[in-house]
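> Just so it is clear, I am handing over structure03.cif, which has mmCIF, C-alpha atoms.
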data_protein
loop_
_atom_site.group_PDB
_atom_site.id
_atom_site.type_symbol
_atom_site.label_atom_id
_atom_site.label_comp_id
_atom_site.auth_asym_id
_atom_site.auth_seq_id
_atom_site.Cartn_x
_atom_site.Cartn_y
_atom_site.Cartn_z
ATOM 1 C CA MET A 1 139.544 281.695 145.097
ATOM 2 C CA ASN A 2 139.355 278.436 147.037
ATOM 3 C CA ASP A 3 142.413 278.042 149.324
ATOM 4 C CA VAL A 4 143.091 274.645 147.747
ATOM 5 C CA TYR A 5 144.186 276.358 144.515
ATOM 6 C CA VAL A 6 146.367 279.146 145.951
ATOM 7 C CA LYS A 7 149.691 277.284 145.599
ATOM 8 C CA LEU A 8 148.856 276.125 142.070
ATOM 9 C CA TYR A 9 147.897 279.672 141.094
ATOM 10 C CA ASP A 10 151.114 281.058 142.613
ATOM 11 C CA TYR A 11 153.133 278.423 140.738
ATOM 12 C CA LEU A 12 151.471 279.298 137.428
ATOM 13 C CA GLN A 13 151.783 283.016 138.150
ATOM 14 C CA ARG A 14 155.549 282.668 138.653
ATOM 15 C CA LYS A 15 155.941 280.651 135.458
ATOM 16 C CA THR A 16 153.479 282.373 133.114
ATOM 17 C CA GLN A 17 151.931 285.539 134.578
ATOM 18 C CA VAL A 18 148.464 283.935 134.313
ATOM 19 C CA GLU A 19 145.512 286.210 135.025
ATOM 20 C CA LYS A 20 143.456 285.245 138.073
ATOM 21 C CA ASN A 21 140.150 285.244 136.161
ATOM 22 C CA ALA A 22 141.595 282.970 133.484
ATOM 23 C CA PHE A 23 142.902 280.601 136.164
ATOM 24 C CA LEU A 24 139.493 280.491 137.842
ATOM 25 C CA ASP A 25 137.985 279.326 134.538
ATOM 26 C CA TYR A 26 139.960 276.067 134.541
ATOM 27 C CA CYS A 27 141.229 275.349 138.069
ATOM 28 C CA HIS A 28 138.202 273.095 138.704
ATOM 29 C CA TYR A 29 139.848 270.442 136.499
ATOM 30 C CA PHE A 30 142.322 269.868 139.349
ATOM 31 C CA LYS A 31 140.797 267.689 142.085
ATOM 32 C CA LEU A 32 142.006 267.717 145.676
ATOM 33 C CA LYS A 33 143.174 264.427 147.154
ATOM 34 C CA THR A 34 144.590 263.898 150.628
ATOM 35 C CA LEU A 35 147.053 261.038 150.903
ATOM 36 C CA LYS A 36 148.121 259.076 153.954
ATOM 37 C CA ARG A 37 151.782 258.363 154.608
ATOM 38 C CA ASN A 38 152.929 255.492 152.335
ATOM 39 C CA GLU A 39 149.714 255.558 150.272
ATOM 40 C CA VAL A 40 150.386 254.505 146.692
ATOM 41 C CA LEU A 41 148.852 256.590 143.902
ATOM 42 C CA LEU A 42 150.187 254.502 141.032
ATOM 43 C CA HIS A 43 151.414 250.924 141.018
ATOM 44 C CA GLN A 44 154.131 249.712 138.686
ATOM 45 C CA ASN A 45 152.707 248.012 135.556
ATOM 46 C CA THR A 46 149.521 250.110 135.513
ATOM 47 C CA VAL A 47 148.865 252.931 133.057
ATOM 48 C CA CYS A 48 149.182 256.451 134.441
ATOM 49 C CA ASN A 49 146.158 258.590 133.564
ATOM 50 C CA PHE A 50 146.843 261.688 135.658
ATOM 51 C CA ASN A 51 149.237 264.483 136.474
ATOM 52 C CA ILE A 52 149.819 265.656 140.043
ATOM 53 C CA PHE A 53 150.585 269.008 141.649
ATOM 54 C CA VAL A 54 151.865 268.735 145.229
ATOM 55 C CA ASN A 55 150.286 271.285 147.553
ATOM 56 C CA LYS A 56 151.739 269.798 150.723
ATOM 57 C CA GLY A 57 153.945 266.813 151.476
ATOM 58 C CA CYS A 58 156.162 264.689 149.274
ATOM 59 C CA LEU A 59 155.728 262.007 146.629
ATOM 60 C CA ARG A 60 158.315 259.414 145.694
ATOM 61 C CA PHE A 61 158.665 257.914 142.221
ATOM 62 C CA TYR A 62 160.402 254.548 142.376
ATOM 63 C CA SER A 63 160.691 251.100 140.841
ATOM 64 C CA TYR A 64 162.285 247.779 141.731
ATOM 65 C CA SER A 65 165.350 246.254 140.133
ATOM 66 C CA ASP A 66 165.340 242.622 139.000
ATOM 67 C CA GLU A 67 166.982 241.814 142.337
ATOM 68 C CA GLY A 68 164.146 243.522 144.258
ATOM 69 C CA LYS A 69 166.143 246.643 145.184
ATOM 70 C CA GLU A 70 164.209 249.919 145.359
ATOM 71 C CA LEU A 71 165.401 252.497 142.823
ATOM 72 C CA THR A 72 164.128 256.027 143.458
ATOM 73 C CA ARG A 73 163.997 258.298 140.418
ATOM 74 C CA TYR A 74 162.415 261.474 141.769
ATOM 75 C CA PHE A 75 160.888 263.211 144.768
ATOM 76 C CA ALA A 76 158.134 265.778 144.202
ATOM 77 C CA PHE A 77 157.883 268.209 147.096
ATOM 78 C CA GLU A 78 155.543 271.170 147.577
ATOM 79 C CA ASN A 79 154.854 273.322 144.527
ATOM 80 C CA LYS A 80 156.035 270.705 142.030
ATOM 81 C CA PHE A 81 154.321 268.663 139.362
ATOM 82 C CA GLY A 82 154.983 264.967 139.090
ATOM 83 C CA THR A 83 153.753 261.987 137.116
ATOM 84 C CA SER A 84 154.956 258.834 135.461
ATOM 85 C CA LEU A 85 155.640 260.859 132.332
ATOM 86 C CA THR A 86 156.429 258.047 129.898
ATOM 87 C CA SER A 87 153.293 256.159 130.887
ATOM 88 C CA LEU A 88 151.181 259.324 130.760
ATOM 89 C CA ILE A 89 152.387 260.216 127.265
ATOM 90 C CA ASN A 90 152.493 256.734 125.693
ATOM 91 C CA GLN A 91 149.603 255.212 127.668
ATOM 92 C CA GLU A 92 151.703 252.137 128.375
ATOM 93 C CA PRO A 93 152.095 250.472 131.783
ATOM 94 C CA SER A 94 154.294 252.487 134.098
ATOM 95 C CA ASN A 95 157.674 251.163 135.143
ATOM 96 C CA GLU A 96 157.401 252.959 138.488
ATOM 97 C CA ASN A 97 155.272 253.461 141.572
ATOM 98 C CA ILE A 98 154.134 256.812 142.947
ATOM 99 C CA GLN A 99 153.878 256.904 146.735
ATOM 100 C CA ALA A 100 153.258 259.576 149.378
ATOM 101 C CA VAL A 101 156.220 259.445 151.760
ATOM 102 C CA GLU A 102 154.410 261.634 154.249
ATOM 103 C CA LYS A 103 150.851 262.838 154.681
ATOM 104 C CA SER A 104 150.286 264.849 151.528
ATOM 105 C CA GLU A 105 147.739 267.056 149.825
ATOM 106 C CA VAL A 106 147.784 266.946 146.036
ATOM 107 C CA LEU A 107 145.795 268.288 143.126
ATOM 108 C CA ILE A 108 145.185 265.646 140.492
ATOM 109 C CA ILE A 109 144.150 266.321 136.918
ATOM 110 C CA SER A 110 143.157 263.558 134.538
ATOM 111 C CA ARG A 111 145.246 262.951 131.442
ATOM 112 C CA ASN A 112 142.372 263.941 129.157
ATOM 113 C CA ASP A 113 141.679 267.173 131.033
ATOM 114 C CA PHE A 114 145.382 268.002 131.238
ATOM 115 C CA TYR A 115 145.925 267.580 127.501
ATOM 116 C CA HIS A 116 142.744 269.547 126.814
ATOM 117 C CA LEU A 117 144.199 272.436 128.835
ATOM 118 C CA VAL A 118 147.599 272.048 127.140
ATOM 119 C CA LYS A 119 145.873 272.485 123.764
ATOM 120 C CA THR A 120 143.558 275.341 124.767
ATOM 121 C CA ILE A 121 145.317 277.346 127.518
ATOM 122 C CA PRO A 122 148.670 278.895 126.529
ATOM 123 C CA GLU A 123 149.822 279.118 130.162
ATOM 124 C CA ILE A 124 149.291 275.396 130.710
ATOM 125 C CA ASN A 125 151.092 274.662 127.443
ATOM 126 C CA LEU A 126 154.092 276.634 128.738
ATOM 127 C CA VAL A 127 154.009 274.756 132.038
ATOM 128 C CA TYR A 128 153.864 271.422 130.219
ATOM 129 C CA ARG A 129 156.862 272.373 128.122
ATOM 130 C CA ASP A 130 158.652 273.410 131.319
ATOM 131 C CA ILE A 131 157.786 270.048 132.919
ATOM 132 C CA LEU A 132 159.193 268.192 129.910
ATOM 133 C CA GLU A 133 162.344 270.302 129.773
ATOM 134 C CA MET A 134 163.016 270.038 133.507
ATOM 135 C CA ALA A 135 162.424 266.271 133.448
ATOM 136 C CA TYR A 136 164.975 265.926 130.681
ATOM 137 C CA ILE A 137 167.528 268.222 132.323
ATOM 138 C CA THR A 138 167.153 266.643 135.771
ATOM 139 C CA THR A 139 167.434 263.117 134.414
ATOM 140 C CA THR A 140 170.407 263.953 132.217
ATOM 141 C CA LYS A 141 172.272 265.729 135.026
ATOM 142 C CA ARG A 142 171.598 262.912 137.438
ATOM 143 C CA VAL A 143 172.668 260.193 135.001
ATOM 144 C CA TYR A 144 175.861 261.955 133.945
ATOM 145 C CA ASN A 145 176.715 263.173 137.437
ATOM 146 C CA PHE A 146 176.217 259.729 138.962
ATOM 147 C CA GLN A 147 177.945 257.652 136.293
ATOM 148 C CA GLY A 148 181.407 256.774 137.498
ATOM 149 C CA GLU A 149 181.088 258.909 140.617
ATOM 150 C CA SER A 150 181.905 257.449 143.998
ATOM 151 C CA ALA A 151 179.183 257.123 146.607
ATOM 152 C CA LEU A 152 180.795 259.977 148.533
ATOM 153 C CA ASP A 153 180.765 262.243 145.475
ATOM 154 C CA ARG A 154 177.060 261.435 144.878
ATOM 155 C CA LEU A 155 176.284 262.346 148.476
ATOM 156 C CA LYS A 156 178.227 265.613 148.149
ATOM 157 C CA TRP A 157 176.277 266.391 144.954
ATOM 158 C CA LEU A 158 173.018 265.814 146.815
ATOM 159 C CA MET A 159 174.159 268.006 149.711
ATOM 160 C CA LYS A 160 174.993 270.799 147.282
ATOM 161 C CA TYR A 161 171.969 270.655 144.954
ATOM 162 C CA GLN A 162 169.171 269.036 146.972
ATOM 163 C CA PRO A 163 170.088 269.294 150.673
ATOM 164 C CA PHE A 164 166.460 269.297 151.852
ATOM 165 C CA ILE A 165 166.168 265.651 150.771
ATOM 166 C CA LEU A 166 168.674 264.668 153.467
ATOM 167 C CA THR A 167 166.807 266.434 156.242
ATOM 168 C CA ARG A 168 163.303 265.459 155.229
ATOM 169 C CA LEU A 169 163.496 261.830 154.122
ATOM 170 C CA SER A 170 164.623 258.548 155.648
ATOM 171 C CA ASN A 171 168.105 257.168 155.035
ATOM 172 C CA LYS A 172 166.518 254.247 153.186
ATOM 173 C CA MET A 173 164.853 256.552 150.633
ATOM 174 C CA VAL A 174 167.896 258.788 150.251
ATOM 175 C CA ALA A 175 170.126 255.747 149.749
ATOM 176 C CA SER A 176 167.725 254.421 147.106
ATOM 177 C CA TYR A 177 167.930 257.774 145.305
ATOM 178 C CA LEU A 178 171.743 257.721 145.423
ATOM 179 C CA GLY A 179 172.005 254.078 144.396
ATOM 180 C CA ILE A 180 173.731 252.977 147.590
ATOM 181 C CA THR A 181 172.751 251.016 150.698
ATOM 182 C CA PRO A 182 171.448 252.719 153.860
ATOM 183 C CA TYR A 183 174.504 251.367 155.683
ATOM 184 C CA THR A 184 176.842 253.038 153.173
ATOM 185 C CA LEU A 185 174.919 256.309 153.480
ATOM 186 C CA SER A 186 175.198 256.262 157.289
ATOM 187 C CA ARG A 187 178.925 255.517 157.069
ATOM 188 C CA LEU A 188 179.478 258.343 154.550
ATOM 189 C CA LYS A 189 177.578 260.830 156.689
ATOM 190 C CA THR A 190 179.945 260.138 159.593
ATOM 191 C CA GLU A 191 182.934 260.730 157.319
ATOM 192 C CA LEU A 192 181.786 264.224 156.356
#
Written as structure tokens, that's how I'd like the structure from this file.

Amino acid sequence: MNDVYVKLYDYLQRKTQVEKNAFLDYCHYFKLKTLKRNEVLLHQNTVCNFNIFVNKGCLRFYSYSDEGKELTRYFAFENKFGTSLTSLINQEPSNENIQAVEKSEVLIISRNDFYHLVKTIPEINLVYRDILEMAYITTTKRVYNFQGESALDRLKWLMKYQPFILTRLSNKMVASYLGITPYTLSRLKTEL
């Protein structure tokens, strides 16, 4: 097996117990792409026609408010899938950008190939269902946990459930994820 596919195979193996020979039959649909720091994979208002598996690095999914403020929805680190799901499913312009926040290595599969595998490969169908379920759960938890919570409580939530974000990403990106300013984040960190 090509080293490029080892992490994807391990991910699928953990989720579905996929057989190696079966995986080798379809892994070629995933194409390797190396991204530079800050390289944008998808621009807001364009249709998303791909799904991404992160082998190495980190992707950020973000949009801009009407006031021009960056609003970060999600970070996809190693061994995670990520896409602009609504745009991918509905084939409508995306309301977000996808950007590499550090040098990254990803496996990209086209929308058509991905849905072909979802329909024909039970393991990929299970992974897709898992992606959908986790997207819903993560979004719901984040919305309900952040509504009405103070900035300090949001930071404590992040420290408890996603502490690696604080050590790996800039204050500006973390603040965007928490819905606060970088200044507020710095001040809160000194209070803890």
> Using atom CA of Asp10 of chain A and atom CA of Asn90 of chain A as the two end points, give the distance in Å to one decimal.
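Computed distance, atom CA of Asp10 of chain A to atom CA of Asn90 of chain A, equals 29.7 Å.
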> For Arg60 of chain A, list every protein, DNA or RNA residue within 7 Å, evaluated using all atoms listed in the file, and leave out those in the same chain fewer than 5 positions away; present the list as number ranges by chain.
A: 74-76, 98-101
> Between atom CA of Met1 of chain A and atom CA of Leu24 of chain A, what is the spacing in Å?
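Separation of atom CA of Leu24 of chain A and atom CA of Met1 of chain A: 7.4 Å.
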> Quick one: apply the PyMOL selection byres ((chain A and resi 71) around 8) to the file and drop the selected residues here as a list in words.
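Matching residues under the PyMOL selection byres ((chain A and resi 71) around 8) are Tyr62, Ser63, Tyr64, Ser65, Lys69, Glu70, Thr72, Arg73, Ser176, Tyr177 and Gly179 of chain A.
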> Suppose you want the space between atom CA of Glu102 of chain A and atom CA of Tyr128 of chain A; what is it in Å?
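Here the two named atoms are 26.0 Å from each other.
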> Carefully work through the PyMOL selection byres ((chain A and resi 143-157) around 9) for this structure and note down the residues it includes, as a PyMOL selection string.
chain A and resi 138-142+158-163+178-180+184-185+188-189+192
> Got a sec to check which residues sit within 8 Å of (166.3, 251.1, 154.3), counting all atoms listed in the file, and write them as a list in words?
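Protein and nucleic acid residues near the point are Ser170, Asn171, Lys172, Met173, Ala175, Thr181 and Pro182 of chain A.
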> Give as a count of residues only the residues that the PyMOL selection byres ((chain A and resi 43) around 7) matches when applied to the coordinates above.
9
> Might you pull out every residue within 10 Å of Cys27 of chain A, with only C-alpha atoms counted and same-chain residues fewer than 2 positions away left off, and present them as a list in words?
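In the requested form, the answer reads Met1, Asn2, Val4, Tyr5, Leu8, Tyr9, Ala22, Phe23, Leu24, Asp25, Tyr29, Phe30, Lys31, Leu107 and Ile109 of chain A.
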> Could those selected residues go to a file with C-alpha atoms, as a short mmCIF file (atom, residue, chain, number, x, y, z; two decimals), in the frame of the given file?

data_model
loop_
_atom_site.label_atom_id
_atom_site.label_comp_id
_atom_site.auth_asym_id
_atom_site.auth_seq_id
_atom_site.Cartn_x
_atom_site.Cartn_y
_atom_site.Cartn_z
CA MET A 1 139.54 281.70 145.10
CA ASN A 2 139.35 278.44 147.04
CA VAL A 4 143.09 274.64 147.75
CA TYR A 5 144.19 276.36 144.51
CA LEU A 8 148.86 276.12 142.07
CA TYR A 9 147.90 279.67 141.09
CA ALA A 22 141.60 282.97 133.48
CA PHE A 23 142.90 280.60 136.16
CA LEU A 24 139.49 280.49 137.84
CA ASP A 25 137.99 279.33 134.54
CA TYR A 29 139.85 270.44 136.50
CA PHE A 30 142.32 269.87 139.35
CA LYS A 31 140.80 267.69 142.08
CA LEU A 107 145.79 268.29 143.13
CA ILE A 109 144.15 266.32 136.92
#
> Hey, which of A:Val6, A:Leu85, A:Val106, A:Cys58 ends up closest to Glu133 of chain A? Count all atoms listed in the file.
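Residue with the minimum atom-to-atom distance to Glu133 of chain A: A:Leu85.
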> Show me, as a PyMOL selection string, the residues that have an atom within 12 Å of Pro122 of chain A when counting all atoms listed in the file, minus same-chain residues fewer than 3 positions from it.
chain A and resi 12+15-19+22-23+115-119+125-129
> So which one's closest to Phe114 of chain A, A:Gln91, A:Asn38, A:Ser186, A:Asn51? Using all atoms listed in the file, please.
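Distance minimum relative to Phe114 of chain A lands on A:Asn51.
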> Excluding Val54 of chain A and its own-chain neighbours fewer than 6 positions away, which residues fall within 9 Å of it when counting all atoms listed in the file? Please give them as an mmCIF file with C-alpha atoms, keeping the file's coordinate frame.

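Once everything was written out, this is part_36.cif:
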data_model
loop_
_atom_site.group_PDB
_atom_site.id
_atom_site.type_symbol
_atom_site.label_atom_id
_atom_site.label_comp_id
_atom_site.auth_asym_id
_atom_site.auth_seq_id
_atom_site.Cartn_x
_atom_site.Cartn_y
_atom_site.Cartn_z
ATOM 1 C CA LYS A 7 149.691 277.284 145.599
ATOM 2 C CA LEU A 8 148.856 276.125 142.070
ATOM 3 C CA ALA A 76 158.134 265.778 144.202
ATOM 4 C CA PHE A 77 157.883 268.209 147.096
ATOM 5 C CA GLU A 78 155.543 271.170 147.577
ATOM 6 C CA ASN A 79 154.854 273.322 144.527
ATOM 7 C CA LYS A 80 156.035 270.705 142.030
ATOM 8 C CA PHE A 81 154.321 268.663 139.362
ATOM 9 C CA GLY A 82 154.983 264.967 139.090
ATOM 10 C CA SER A 104 150.286 264.849 151.528
ATOM 11 C CA GLU A 105 147.739 267.056 149.825
ATOM 12 C CA VAL A 106 147.784 266.946 146.036
ATOM 13 C CA LEU A 107 145.795 268.288 143.126
ATOM 14 C CA ILE A 108 145.185 265.646 140.492
#
